[in-house]
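Coordinates from input-v4.txt are shown below (compact mmCIF, C-alpha atoms).
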```txt
# COMPACT_ATOMS: atom_id res chain seq x y z
CA MET Y 1228 47.71 -44.93 -101.42
CA SER Y 1229 44.12 -45.59 -102.50
CA GLY Y 1230 43.18 -45.95 -106.18
CA GLU Y 1231 40.14 -43.72 -105.69
CA PRO Y 1232 40.46 -40.12 -106.91
CA VAL Y 1233 40.65 -37.24 -104.45
CA PRO Y 1234 37.46 -35.10 -104.54
CA LEU Y 1235 37.89 -31.97 -106.62
CA ILE Y 1236 37.55 -29.54 -103.71
CA PHE Y 1237 40.47 -31.26 -101.92
CA LEU Y 1238 42.84 -31.53 -104.91
CA ASN Y 1239 45.05 -28.73 -103.51
CA CYS Y 1240 45.48 -30.64 -100.23
CA SER Y 1241 45.57 -34.23 -101.42
CA SER Y 1242 48.57 -34.89 -99.15
CA ILE Y 1243 46.44 -34.50 -96.01
CA PHE Y 1244 43.30 -36.11 -97.42
CA ILE Y 1245 42.51 -39.40 -95.62
CA PHE Y 1246 40.78 -41.94 -97.85
CA GLY Y 1247 37.86 -43.70 -96.25
CA LYS Y 1248 37.29 -40.86 -93.75
CA ASP Y 1249 37.30 -37.46 -95.47
CA GLU Y 1250 35.04 -38.24 -98.45
CA LYS Y 1251 31.99 -37.34 -96.35
CA TYR Y 1252 33.11 -33.69 -96.26
CA ALA Y 1253 33.24 -33.29 -100.07
CA ALA Y 1254 29.49 -32.73 -100.45
CA CYS Y 1255 29.21 -30.13 -97.68
CA PRO Y 1256 27.88 -26.70 -98.80
CA ILE Y 1257 30.88 -24.37 -98.49
CA GLU Y 1258 30.38 -20.61 -98.57
CA ASN Y 1259 32.06 -18.59 -101.30
CA GLY Y 1260 35.58 -17.56 -100.38
CA THR Y 1261 36.03 -20.35 -97.81
CA ASP Y 1262 39.06 -22.55 -98.35
CA PRO Y 1263 38.00 -26.24 -98.08
CA CYS Y 1264 41.61 -27.29 -97.45
CA TYR Y 1265 41.77 -24.95 -94.44
CA LEU Y 1266 38.58 -26.51 -93.04
CA LEU Y 1267 39.98 -30.00 -93.60
CA ARG Y 1268 43.18 -29.15 -91.75
CA GLU Y 1269 41.16 -27.74 -88.87
CA VAL Y 1270 39.05 -30.91 -88.71
CA HIS Y 1271 42.21 -32.98 -88.42
CA ARG Y 1272 43.62 -30.62 -85.78
CA ALA Y 1273 40.43 -30.88 -83.72
CA LYS Y 1274 40.53 -34.69 -83.85
CA GLU Y 1275 44.23 -34.75 -82.86
CA PHE Y 1276 43.61 -32.43 -79.92
CA ARG Y 1277 40.61 -34.52 -78.87
CA THR Y 1278 42.58 -37.76 -79.02
CA TYR Y 1279 45.89 -36.74 -77.46
CA PHE Y 1280 45.22 -33.69 -75.28
CA LEU Y 1281 41.63 -34.29 -74.16
CA ALA Y 1282 41.80 -38.07 -73.75
CA ILE Y 1283 45.19 -39.83 -73.67
CA LEU Y 1284 47.33 -37.23 -71.83
CA PRO Y 1285 44.66 -36.22 -69.27
CA ILE Y 1286 43.92 -39.90 -68.52
CA ILE Y 1287 47.63 -40.66 -67.94
CA LEU Y 1288 47.99 -37.60 -65.70
CA SER Y 1289 44.73 -38.46 -63.95
CA VAL Y 1290 45.95 -41.97 -63.08
CA ILE Y 1291 49.16 -40.48 -61.62
CA ALA Y 1292 47.16 -37.89 -59.65
CA CYS Y 1293 44.71 -40.51 -58.39
CA LEU Y 1294 47.45 -42.90 -57.21
CA LEU Y 1295 49.39 -40.10 -55.52
CA ASN Y 1296 46.34 -38.78 -53.71
CA ILE Y 1297 45.16 -42.24 -52.66
CA GLY Y 1298 48.62 -42.91 -51.19
CA TYR Y 1299 48.60 -39.48 -49.56
CA LEU Y 1300 45.13 -40.09 -48.12
CA ILE Y 1301 46.19 -43.46 -46.65
CA ALA Y 1302 49.23 -41.80 -45.06
CA GLN Y 1303 47.02 -39.02 -43.68
CA LEU Y 1304 44.61 -41.52 -42.12
CA LYS Y 1305 47.52 -43.35 -40.47
CA CYS Y 1306 48.91 -40.09 -39.12
CA PHE Y 1307 45.44 -38.95 -38.05
CA SER Y 1308 45.11 -41.81 -35.57
CA GLN Y 1309 48.46 -40.89 -34.00
CA GLU Y 1310 48.05 -37.10 -33.84
CA LYS Y 1311 46.87 -35.02 -30.91
CA THR Y 1312 43.43 -33.42 -31.17
CA SER Y 1313 44.88 -29.97 -31.97
CA PHE Y 1314 46.69 -31.36 -35.03
CA LYS Y 1315 43.68 -33.45 -36.08
CA LYS Y 1316 41.71 -30.23 -36.62
CA ARG Y 1317 43.99 -29.31 -39.50
CA GLN Y 1318 44.22 -32.90 -40.70
CA VAL Y 1319 40.48 -33.19 -41.40
CA PHE Y 1320 40.72 -30.34 -43.92
CA LEU Y 1321 43.63 -32.06 -45.68
CA ILE Y 1322 41.68 -35.34 -45.76
CA SER Y 1323 38.71 -33.50 -47.27
CA ARG Y 1324 40.92 -32.00 -49.97
CA SER Y 1325 42.37 -35.41 -50.88
CA LEU Y 1326 38.88 -36.94 -51.06
CA SER Y 1327 37.79 -34.10 -53.35
CA ILE Y 1328 40.69 -34.72 -55.73
CA ILE Y 1329 40.16 -38.51 -55.77
CA LEU Y 1330 36.42 -38.08 -56.40
CA ALA Y 1331 37.15 -35.63 -59.23
CA ASN Y 1332 39.50 -38.14 -60.88
CA PHE Y 1333 36.97 -40.97 -60.73
CA LEU Y 1334 34.23 -38.72 -62.12
CA PHE Y 1335 36.64 -37.68 -64.88
CA TYR Y 1336 36.74 -41.33 -66.00
CA VAL Y 1337 32.93 -41.27 -66.08
CA VAL Y 1338 33.09 -38.25 -68.41
CA VAL Y 1339 35.49 -40.08 -70.73
CA ILE Y 1340 33.24 -43.17 -70.81
CA VAL Y 1341 30.10 -41.10 -71.52
CA TRP Y 1342 31.99 -39.10 -74.14
CA LYS Y 1343 33.28 -42.20 -75.94
CA ALA Y 1344 29.86 -43.85 -75.80
CA ASN Y 1345 27.67 -40.95 -76.94
CA GLY Y 1346 30.06 -38.24 -78.10
CA PHE Y 1347 30.57 -34.89 -76.40
CA MET Y 1348 27.03 -33.65 -75.85
CA TYR Y 1349 24.93 -31.99 -73.14
CA THR Y 1350 25.26 -34.89 -70.66
CA SER Y 1351 29.04 -35.18 -70.91
CA ALA Y 1352 29.44 -31.38 -70.80
CA MET Y 1353 27.21 -31.22 -67.71
CA ILE Y 1354 29.24 -33.92 -65.90
CA PHE Y 1355 32.52 -32.22 -66.90
CA ILE Y 1356 31.34 -28.87 -65.51
CA LEU Y 1357 29.90 -30.59 -62.42
CA ILE Y 1358 33.23 -32.28 -61.66
CA GLY Y 1359 35.20 -29.08 -62.11
CA GLY Y 1360 32.71 -27.16 -59.96
CA ILE Y 1361 32.73 -29.61 -57.05
CA ASN Y 1362 36.51 -29.88 -57.05
CA PHE Y 1363 37.15 -26.14 -57.40
CA LEU Y 1364 34.58 -25.04 -54.83
CA SER Y 1365 35.39 -27.75 -52.26
CA VAL Y 1366 39.14 -27.08 -52.54
CA THR Y 1367 38.46 -23.33 -52.36
CA GLY Y 1368 36.39 -23.82 -49.18
CA THR Y 1369 39.06 -26.11 -47.74
CA TYR Y 1370 41.82 -23.56 -48.33
CA ILE Y 1371 39.73 -20.79 -46.77
CA GLY Y 1372 39.04 -23.02 -43.76
CA LEU Y 1373 42.73 -24.02 -43.46
CA THR Y 1374 43.89 -20.41 -43.64
CA ILE Y 1375 41.49 -19.24 -40.93
CA LEU Y 1376 42.22 -22.34 -38.81
CA LEU Y 1377 46.00 -21.88 -38.92
CA TYR Y 1378 45.72 -18.15 -38.24
CA THR Y 1379 43.53 -18.90 -35.21
CA ALA Y 1380 45.99 -21.56 -33.99
CA ILE Y 1381 48.82 -19.01 -34.03
CA ALA Y 1382 47.16 -15.71 -33.13
CA HIS Y 1383 44.43 -17.02 -30.77
CA GLN Y 1384 45.92 -20.21 -29.41
CA PHE Y 1385 43.83 -20.36 -26.21
CA TRP Y 1386 40.52 -20.09 -28.11
CA TYR Y 1387 41.80 -22.59 -30.67
CA MET Y 1388 42.71 -25.12 -27.96
CA THR Y 1389 39.63 -24.72 -25.73
CA LYS Y 1390 36.69 -23.54 -27.81
CA LEU Y 1391 37.26 -24.94 -31.29
CA THR Y 1392 36.65 -28.70 -31.26
CA LEU Y 1393 37.21 -31.44 -33.81
CA THR Y 1394 33.43 -31.72 -34.21
CA HIS Y 1395 33.29 -28.08 -35.31
CA CYS Y 1396 35.87 -28.84 -38.01
CA TRP Y 1397 33.89 -31.85 -39.30
CA LEU Y 1398 30.73 -29.71 -39.40
CA ILE Y 1399 32.55 -27.02 -41.40
CA ILE Y 1400 33.83 -29.67 -43.83
CA GLY Y 1401 30.28 -31.04 -44.21
CA LEU Y 1402 28.94 -27.53 -44.88
CA ILE Y 1403 31.65 -26.92 -47.51
CA TRP Y 1404 30.73 -30.15 -49.32
CA ILE Y 1405 26.98 -29.46 -49.20
CA LEU Y 1406 27.38 -25.93 -50.57
CA SER Y 1407 29.94 -27.04 -53.20
CA THR Y 1408 27.75 -29.91 -54.43
CA ALA Y 1409 24.55 -27.83 -54.53
CA SER Y 1410 26.28 -24.97 -56.36
CA SER Y 1411 28.02 -27.35 -58.80
CA VAL Y 1412 24.76 -29.15 -59.67
CA CYS Y 1413 23.20 -25.80 -60.59
CA ILE Y 1414 26.30 -24.71 -62.52
CA GLY Y 1415 26.43 -28.07 -64.35
CA LEU Y 1416 22.73 -28.14 -65.29
CA TRP Y 1417 22.63 -24.57 -66.57
CA GLY Y 1418 26.30 -24.25 -67.58
CA ALA Y 1419 26.07 -27.04 -70.15
CA THR Y 1420 23.25 -25.14 -71.87
CA LEU Y 1421 25.85 -22.54 -72.86
CA PHE Y 1422 27.30 -25.02 -75.36
CA TYR Y 1423 24.31 -27.29 -76.08
CA PRO Y 1424 21.21 -25.06 -75.83
CA GLU Y 1425 18.97 -27.14 -78.14
CA SER Y 1426 19.63 -30.57 -76.56
CA ALA Y 1427 19.44 -29.22 -73.00
CA PRO Y 1428 16.33 -30.13 -70.94
CA ILE Y 1429 16.26 -26.54 -69.69
CA SER Y 1430 15.23 -23.71 -72.00
CA CYS Y 1431 17.95 -21.05 -72.00
CA SER Y 1432 18.02 -18.30 -74.65
CA PHE Y 1433 21.28 -16.49 -75.38
CA GLU Y 1434 20.32 -12.93 -74.41
CA LYS Y 1435 18.12 -13.69 -71.39
CA CYS Y 1436 19.85 -16.76 -69.95
CA GLN Y 1437 23.12 -17.94 -71.53
CA GLN Y 1438 25.05 -14.67 -71.52
CA PRO Y 1439 24.00 -13.54 -67.99
CA LEU Y 1440 24.66 -17.06 -66.69
CA ALA Y 1441 28.15 -17.14 -68.22
CA ILE Y 1442 28.97 -13.75 -66.68
CA ILE Y 1443 27.73 -14.93 -63.26
CA ILE Y 1444 29.84 -18.12 -63.46
CA VAL Y 1445 33.03 -16.30 -64.47
CA VAL Y 1446 32.52 -13.56 -61.86
CA GLY Y 1447 31.73 -16.19 -59.18
CA LEU Y 1448 34.87 -18.22 -59.96
CA SER Y 1449 36.96 -15.03 -59.94
CA ILE Y 1450 35.54 -14.03 -56.55
CA CYS Y 1451 36.32 -17.49 -55.11
CA TYR Y 1452 39.84 -17.35 -56.49
CA GLY Y 1453 40.43 -13.81 -55.23
CA THR Y 1454 38.97 -14.64 -51.81
CA VAL Y 1455 41.38 -17.55 -51.25
CA ILE Y 1456 44.48 -15.63 -52.32
CA GLY Y 1457 43.42 -12.37 -50.69
CA LEU Y 1458 42.53 -14.03 -47.39
CA TYR Y 1459 45.86 -15.84 -47.24
CA ILE Y 1460 47.83 -12.64 -47.97
CA ALA Y 1461 45.81 -10.73 -45.35
CA MET Y 1462 46.32 -13.43 -42.71
CA MET Y 1463 50.06 -13.64 -43.40
CA ALA Y 1464 50.40 -9.85 -43.21
CA ARG Y 1465 48.53 -9.87 -39.89
CA LEU Y 1466 50.77 -12.64 -38.53
CA HIS Y 1467 53.93 -10.75 -39.52
CA ARG Y 1468 52.67 -7.70 -37.61
CA LEU Y 1469 52.00 -9.88 -34.58
CA VAL Y 1470 55.51 -11.35 -34.83
CA ARG Y 1471 57.06 -7.90 -34.71
CA LYS Y 1472 54.94 -6.85 -31.71
CA SER Y 1473 55.03 -9.96 -29.54
CA SER Y 1474 57.96 -12.15 -28.57
CA LEU Y 1475 55.41 -14.82 -27.60
CA VAL Y 1476 54.14 -15.03 -31.16
CA GLN Y 1477 57.73 -14.85 -32.39
CA SER Y 1478 58.55 -17.97 -30.40
CA ARG Y 1479 55.56 -19.67 -31.98
CA SER Y 1480 56.92 -18.94 -35.44
CA LYS Y 1481 59.10 -22.00 -35.00
CA SER Y 1482 56.16 -24.15 -34.03
CA ASN Y 1483 54.29 -26.72 -36.11
CA SER Y 1484 51.56 -24.19 -36.80
CA MET Y 1485 53.93 -21.77 -38.53
CA THR Y 1486 55.47 -24.66 -40.46
CA ALA Y 1487 51.97 -25.63 -41.56
CA MET Y 1488 51.29 -22.04 -42.63
CA LYS Y 1489 54.42 -22.01 -44.78
CA ARG Y 1490 53.37 -25.33 -46.28
CA LEU Y 1491 49.95 -23.84 -46.96
CA GLY Y 1492 51.76 -21.04 -48.77
CA LEU Y 1493 53.23 -23.59 -51.20
CA ASN Y 1494 49.76 -25.08 -51.68
CA MET Y 1495 48.41 -21.58 -52.35
CA ILE Y 1496 51.02 -21.12 -55.09
CA THR Y 1497 49.86 -24.41 -56.64
CA PHE Y 1498 46.23 -23.30 -56.37
CA ALA Y 1499 47.02 -19.90 -57.87
CA VAL Y 1500 49.08 -21.22 -60.78
CA GLY Y 1501 46.64 -24.06 -61.45
CA SER Y 1502 43.54 -21.87 -61.34
CA VAL Y 1503 44.71 -18.94 -63.46
CA PRO Y 1504 44.63 -20.87 -66.78
CA ILE Y 1505 41.15 -22.17 -65.92
CA LEU Y 1506 39.94 -18.62 -65.28
CA VAL Y 1507 41.55 -17.49 -68.54
CA VAL Y 1508 39.75 -20.32 -70.37
CA CYS Y 1509 36.44 -19.23 -68.82
CA ILE Y 1510 37.02 -15.60 -69.81
CA VAL Y 1511 37.96 -16.58 -73.39
CA ALA Y 1512 34.87 -18.80 -73.58
CA LEU Y 1513 32.73 -15.90 -72.33
CA ALA Y 1514 34.20 -13.55 -74.94
CA ASN Y 1515 33.41 -16.06 -77.72
CA LEU Y 1516 30.22 -17.43 -76.19
CA ARG Y 1517 27.96 -16.62 -79.12
CA GLU Y 1518 30.12 -18.52 -81.60
CA LEU Y 1519 30.78 -21.43 -79.22
CA SER Y 1520 27.09 -21.86 -78.37
CA SER Y 1521 26.31 -22.21 -82.08
CA LEU Y 1522 28.13 -25.56 -82.03
CA GLY Y 1523 25.31 -27.02 -79.95
CA GLU Y 1524 22.58 -25.80 -82.27
CA GLY Y 1525 21.10 -28.23 -84.77
CA CYS Y 1526 21.82 -31.92 -85.25
CA LYS Y 1527 25.32 -33.34 -85.12
CA SER Y 1528 26.60 -34.19 -88.60
CA PRO Y 1529 29.89 -34.49 -90.55
CA CYS Y 1530 29.11 -31.26 -92.43
CA LYS Y 1531 28.51 -29.37 -89.20
CA THR Y 1532 31.88 -30.57 -87.87
CA PHE Y 1533 33.58 -29.64 -91.17
CA LEU Y 1534 32.03 -26.20 -91.62
CA HIS Y 1535 32.65 -25.21 -87.96
CA SER Y 1536 36.02 -26.96 -87.68
CA SER Y 1537 37.89 -23.81 -86.54
CA LEU Y 1538 35.44 -23.39 -83.65
CA PHE Y 1539 35.81 -27.05 -82.73
CA VAL Y 1540 39.59 -26.54 -82.61
CA GLU Y 1541 39.07 -23.61 -80.24
CA VAL Y 1542 36.80 -25.70 -78.01
CA GLU Y 1543 39.27 -28.61 -77.96
CA ILE Y 1544 42.14 -26.28 -77.02
CA LEU Y 1545 40.15 -24.59 -74.25
CA ALA Y 1546 38.96 -27.90 -72.79
CA SER Y 1547 42.42 -29.49 -73.11
CA VAL Y 1548 44.21 -26.63 -71.36
CA ALA Y 1549 41.65 -26.57 -68.54
CA ALA Y 1550 41.77 -30.36 -68.02
CA ILE Y 1551 45.58 -30.72 -68.17
CA VAL Y 1552 46.38 -27.76 -65.88
CA TRP Y 1553 43.65 -28.84 -63.47
CA ILE Y 1554 45.07 -32.39 -63.20
CA ILE Y 1555 48.71 -31.24 -62.96
CA ALA Y 1556 47.72 -29.12 -59.93
CA MET Y 1557 46.23 -32.30 -58.39
CA ILE Y 1558 49.61 -34.01 -58.83
CA ILE Y 1559 51.71 -31.17 -57.41
CA ASP Y 1560 49.53 -30.63 -54.32
CA PRO Y 1561 50.17 -33.97 -52.52
CA VAL Y 1562 53.85 -33.92 -53.59
CA ILE Y 1563 54.32 -30.58 -51.80
CA ASN Y 1564 52.61 -31.87 -48.66
CA ILE Y 1565 54.63 -35.10 -48.62
CA LEU Y 1566 57.98 -33.31 -49.10
CA ALA Y 1567 57.13 -30.66 -46.48
CA ASP Y 1568 55.99 -33.12 -43.77
CA LYS Y 1569 58.66 -35.17 -41.97
CA LYS Y 1570 56.19 -37.79 -40.76
CA LEU Y 1571 54.73 -38.33 -44.22
CA ARG Y 1572 58.20 -38.43 -45.79
CA GLY Y 1573 59.26 -41.08 -43.32
CA LEU Y 1574 56.07 -43.06 -43.86
CA PHE Y 1575 56.45 -42.99 -47.64
CA SER Y 1576 60.15 -43.91 -47.51
CA LYS Y 1577 59.29 -46.91 -45.31
CA GLN Y 1578 56.55 -47.99 -47.71
CA ILE Y 1579 58.89 -47.66 -50.70
CA THR Y 1580 61.55 -49.69 -48.87
CA ARG Y 1581 59.03 -52.43 -48.05
CA VAL Y 1582 57.75 -52.56 -51.63
CA SER Y 1583 61.30 -52.74 -53.03
CA GLN Y 1584 62.19 -55.52 -50.57
CA ARG Y 1585 59.12 -57.52 -51.58
CA LEU Y 1586 59.97 -57.09 -55.24
CA ARG Y 1587 63.53 -58.29 -54.62
CA ARG Y 1588 62.27 -61.34 -52.73
CA ALA Y 1589 59.80 -62.13 -55.49
CA SER Y 1590 62.50 -61.81 -58.17
CA THR Y 1591 64.89 -63.95 -56.10
CA LYS Y 1592 62.27 -66.69 -55.69
CA SER Y 1593 61.47 -66.67 -59.41
CA THR Y 1594 65.20 -66.92 -60.24
CA ILE Y 1595 65.67 -69.88 -57.86
CA SER Y 1596 62.63 -71.70 -59.26
CA THR Y 1597 63.91 -71.15 -62.81
CA ASP Y 1598 67.35 -72.54 -61.89
CA ASP Y 1599 65.77 -75.61 -60.28
CA GLN Y 1600 63.93 -76.37 -63.48
```
Rewrite the structure from the file as structure tokens, please.
Amino acid sequence: MSGEPVPLIFLNCSSIFIFGKDEKYAACPIENGTDPCYLLREVHRAKEFRTYFLAILPIILSVIACLLNIGYLIAQLKCFSQEKTSFKKRQVFLISRSLSIILANFLFYVVVIVWKANGFMYTSAMIFILIGGINFLSVTGTYIGLTILLYTAIAHQFWYMTKLTLTHCWLIIGLIWILSTASSVCIGLWGATLFYPESAPISCSFEKCQQPLAIIIVVGLSICYGTVIGLYIAMMARLHRLVRKSSLVQSRSKSNSMTAMKRLGLNMITFAVGSVPILVVCIVALANLRELSSLGEGCKSPCKTFLHSSLFVEVEILASVAAIVWIIAMIIDPVINILADKKLRGLFSKQITRVSQRLRRASTKSTISTDDQ
């Protein structure tokens, strides 16, 4: 306990007052009726959320997601060289999805580095939104492409085998990435102005720019989300009708294409569950946009953090929920594909066996060398 006295305004909450850190808030101009102890608690809550739920936990989950998806990508590339051309068409979309997730994880580390170096400001907010945009839009495009591809493989097998080539699939993947990147750059540049209007290089007033832009972003994300889920449901309903009408299609239901469609269904559940909280966060942010945008107005100072501490808590919670749910979905996605694919399961089990054998040999050698000494 420090020998210095607790400032008068914090006497009622001396138990939570941190000497050497909270003195700077004592001189802040507090409005009449505002409880300084409440503001101090909110400041501490915001810092705790920032440390544990926006930095430590997301980084740990991100490392797990990155390692899983790198391993999954390596396994996909090995399988890709062994597959027939018809199966490679689907594989290129899965490879694209894995690359998107890995890229998002690496860019997430860039956000953390920029944030720790300069604080959370326009640049870090722009990169954060850019990452989320590229990942969400590229994965959305990939799922739409996979759904249409698998439906075509089952319902129009002749056209799928003769007309649709692997080159067409690569071109579609390239188009998805170009559109996702271009859209995400625009969303990142203008989207960050919603929270940091004064430090942004682009002028964006609340009534004429920020509010309409926020509505467009939320509506656009909702349309993308609804398109993926709606298209999958429509395609599955169409396939079930075909199964009832045609014994030929019914026999195909046991094929690899139908197995892939069922696997895609599990991925769709992951996409749906993982995206709903992000959409909710966007809607909540839109509803409180005026208050949240005020955090980016004026210069950053201890008093600004203290007086707007409840808003900072809200921002930390929104960002934490979005980041954690987003990364957990990245972890679940490759796990589902590995467990649902016999080839990948076999490949991973062999790799695990080899790694365990190498570890045993290394431990045996170290034990023998220790005994010799």
Within 10 Å of range 1353-1369 of chain Y, which residues of range 1401-1452 of chain Y show up? Give each one with its shortest atom-to-atom distance in Å (one decimal) and the two atoms involved, counting all atoms listed in the file, rows by chain then rising residue number, as a tab-separated table.
```
residue	atom	partner	partner_atom	distance
Y:Leu1402	CA	Y:Gly1368	CA	9.4
Y:Ile1403	CA	Y:Gly1368	CA	5.9
Y:Trp1404	CA	Y:Ser1365	CA	6.0
Y:Ile1405	CA	Y:Ser1365	CA	9.1
Y:Leu1406	CA	Y:Ser1365	CA	8.4
Y:Ser1407	CA	Y:Leu1364	CA	5.3
Y:Thr1408	CA	Y:Ile1361	CA	5.6
Y:Ala1409	CA	Y:Ile1361	CA	8.7
Y:Ser1410	CA	Y:Gly1360	CA	7.7
Y:Ser1411	CA	Y:Gly1360	CA	4.8
Y:Val1412	CA	Y:Leu1357	CA	6.0
Y:Cys1413	CA	Y:Leu1357	CA	8.4
Y:Ile1414	CA	Y:Leu1357	CA	6.9
Y:Gly1415	CA	Y:Met1353	CA	4.7
Y:Leu1416	CA	Y:Met1353	CA	6.0
Y:Trp1417	CA	Y:Met1353	CA	8.2
Y:Gly1418	CA	Y:Met1353	CA	7.0
Y:Ala1419	CA	Y:Met1353	CA	5.0
Y:Thr1420	CA	Y:Met1353	CA	8.4
Y:Phe1422	CA	Y:Met1353	CA	9.8
Y:Tyr1423	CA	Y:Met1353	CA	9.7
Y:Ala1427	CA	Y:Met1353	CA	9.6
Y:Leu1448	CA	Y:Leu1364	CA	8.5
Y:Cys1451	CA	Y:Thr1367	CA	6.8
Y:Tyr1452	CA	Y:Thr1367	CA	7.4
```
Check your understanding: What's the 12 Å shell around range 1336-1339 of chain Y, counting only C-alpha atoms, without same-chain residues fewer than 3 positions away, as a PyMOL selection string?
Key -> chain Y and resi 1277-1278+1281-1283+1285-1290+1293+1329-1333+1342-1359+1550
Could you please take those selected residues and save C-alpha atoms as a PDB file, in the frame of the given file?
```
ATOM      1  CA  ARG Y1277      40.610 -34.520 -78.870  1.00  0.00           C
ATOM      2  CA  THR Y1278      42.580 -37.760 -79.020  1.00  0.00           C
ATOM      3  CA  LEU Y1281      41.630 -34.290 -74.160  1.00  0.00           C
ATOM      4  CA  ALA Y1282      41.800 -38.070 -73.750  1.00  0.00           C
ATOM      5  CA  ILE Y1283      45.190 -39.830 -73.670  1.00  0.00           C
ATOM      6  CA  PRO Y1285      44.660 -36.220 -69.270  1.00  0.00           C
ATOM      7  CA  ILE Y1286      43.920 -39.900 -68.520  1.00  0.00           C
ATOM      8  CA  ILE Y1287      47.630 -40.660 -67.940  1.00  0.00           C
ATOM      9  CA  LEU Y1288      47.990 -37.600 -65.700  1.00  0.00           C
ATOM     10  CA  SER Y1289      44.730 -38.460 -63.950  1.00  0.00           C
ATOM     11  CA  VAL Y1290      45.950 -41.970 -63.080  1.00  0.00           C
ATOM     12  CA  CYS Y1293      44.710 -40.510 -58.390  1.00  0.00           C
ATOM     13  CA  ILE Y1329      40.160 -38.510 -55.770  1.00  0.00           C
ATOM     14  CA  LEU Y1330      36.420 -38.080 -56.400  1.00  0.00           C
ATOM     15  CA  ALA Y1331      37.150 -35.630 -59.230  1.00  0.00           C
ATOM     16  CA  ASN Y1332      39.500 -38.140 -60.880  1.00  0.00           C
ATOM     17  CA  PHE Y1333      36.970 -40.970 -60.730  1.00  0.00           C
ATOM     18  CA  TRP Y1342      31.990 -39.100 -74.140  1.00  0.00           C
ATOM     19  CA  LYS Y1343      33.280 -42.200 -75.940  1.00  0.00           C
ATOM     20  CA  ALA Y1344      29.860 -43.850 -75.800  1.00  0.00           C
ATOM     21  CA  ASN Y1345      27.670 -40.950 -76.940  1.00  0.00           C
ATOM     22  CA  GLY Y1346      30.060 -38.240 -78.100  1.00  0.00           C
ATOM     23  CA  PHE Y1347      30.570 -34.890 -76.400  1.00  0.00           C
ATOM     24  CA  MET Y1348      27.030 -33.650 -75.850  1.00  0.00           C
ATOM     25  CA  TYR Y1349      24.930 -31.990 -73.140  1.00  0.00           C
ATOM     26  CA  THR Y1350      25.260 -34.890 -70.660  1.00  0.00           C
ATOM     27  CA  SER Y1351      29.040 -35.180 -70.910  1.00  0.00           C
ATOM     28  CA  ALA Y1352      29.440 -31.380 -70.800  1.00  0.00           C
ATOM     29  CA  MET Y1353      27.210 -31.220 -67.710  1.00  0.00           C
ATOM     30  CA  ILE Y1354      29.240 -33.920 -65.900  1.00  0.00           C
ATOM     31  CA  PHE Y1355      32.520 -32.220 -66.900  1.00  0.00           C
ATOM     32  CA  ILE Y1356      31.340 -28.870 -65.510  1.00  0.00           C
ATOM     33  CA  LEU Y1357      29.900 -30.590 -62.420  1.00  0.00           C
ATOM     34  CA  ILE Y1358      33.230 -32.280 -61.660  1.00  0.00           C
ATOM     35  CA  GLY Y1359      35.200 -29.080 -62.110  1.00  0.00           C
ATOM     36  CA  ALA Y1550      41.770 -30.360 -68.020  1.00  0.00           C
TER      37      ALA Y1550
END
```
Check your understanding: Using only C-alpha atoms, which residues sit within 9 Å of range 1248-1252 of chain Y once same-chain residues fewer than 5 positions away are excluded, as a list in words?
Key ->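 Result of the neighbour search: Val1233, Pro1234, Leu1267, Pro1529, Cys1530, Phe1533 and Leu1534 of chain Y.
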Review point. So what do you get for CA of Arg1585 in chain Y versus CA of Ile1565 in chain Y, distance-wise?
Key: 23.1 Å
Exercise for review: Please measure the separation of CA of Leu1566 in chain Y and CA of Leu1491 in chain Y, giving the value in Å to one decimal.
Suggested key: 12.6 Å
**Study point:** Length of the CA of Gly1457 in chain Y to CA of Leu1469 in chain Y vector [Å]
**Key:**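 Pair CA of Gly1457 in chain Y / CA of Leu1469 in chain Y returns 18.4 Å.
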Review point. Nearest to Ile1551 in chain Y: which of Y:Ile1243, Y:Ile1301, Y:Met1463, Y:Ile1505 is it, counting only C-alpha atoms?
Key: Y:Ile1505
Review point. Of the residues Y:Arg1272, Y:Arg1581, Y:Arg1490, Y:Lys1305, which is the one nearest to Leu1538 in chain Y, using all atoms listed in the file?
Key: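 Nearest to Leu1538 in chain Y: Y:Arg1272.
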Exercise for review: Check the smallest atom-to-atom distance from each of Y:Val1270, Y:Ile1579, Y:Ile1328, Y:Leu1574 to Leu1294 in chain Y using all atoms listed in the file, then report the winner.
Suggested key: Y:Ile1328
Review point. If you count all atoms listed in the file, which residues fall within 12 Å of Ala1512 in chain Y, apart from same-chain ones fewer than 3 positions away, as a ChimeraX atom specification?
Key: /Y:1418,1421-1422,1437-1438,1441-1442,1444-1445,1505-1509,1515-1520,1538,1541-1546,1549
Print the selection's residues with C-alpha atoms to a file, as a short mmCIF file (atom, residue, chain, number, x, y, z; two decimals), in the coordinates of the input.
```cif
data_model
loop_
_atom_site.label_atom_id
_atom_site.label_comp_id
_atom_site.auth_asym_id
_atom_site.auth_seq_id
_atom_site.Cartn_x
_atom_site.Cartn_y
_atom_site.Cartn_z
CA GLY Y 1418 26.30 -24.25 -67.58
CA LEU Y 1421 25.85 -22.54 -72.86
CA PHE Y 1422 27.30 -25.02 -75.36
CA GLN Y 1437 23.12 -17.94 -71.53
CA GLN Y 1438 25.05 -14.67 -71.52
CA ALA Y 1441 28.15 -17.14 -68.22
CA ILE Y 1442 28.97 -13.75 -66.68
CA ILE Y 1444 29.84 -18.12 -63.46
CA VAL Y 1445 33.03 -16.30 -64.47
CA ILE Y 1505 41.15 -22.17 -65.92
CA LEU Y 1506 39.94 -18.62 -65.28
CA VAL Y 1507 41.55 -17.49 -68.54
CA VAL Y 1508 39.75 -20.32 -70.37
CA CYS Y 1509 36.44 -19.23 -68.82
CA ASN Y 1515 33.41 -16.06 -77.72
CA LEU Y 1516 30.22 -17.43 -76.19
CA ARG Y 1517 27.96 -16.62 -79.12
CA GLU Y 1518 30.12 -18.52 -81.60
CA LEU Y 1519 30.78 -21.43 -79.22
CA SER Y 1520 27.09 -21.86 -78.37
CA LEU Y 1538 35.44 -23.39 -83.65
CA GLU Y 1541 39.07 -23.61 -80.24
CA VAL Y 1542 36.80 -25.70 -78.01
CA GLU Y 1543 39.27 -28.61 -77.96
CA ILE Y 1544 42.14 -26.28 -77.02
CA LEU Y 1545 40.15 -24.59 -74.25
CA ALA Y 1546 38.96 -27.90 -72.79
CA ALA Y 1549 41.65 -26.57 -68.54
#
```
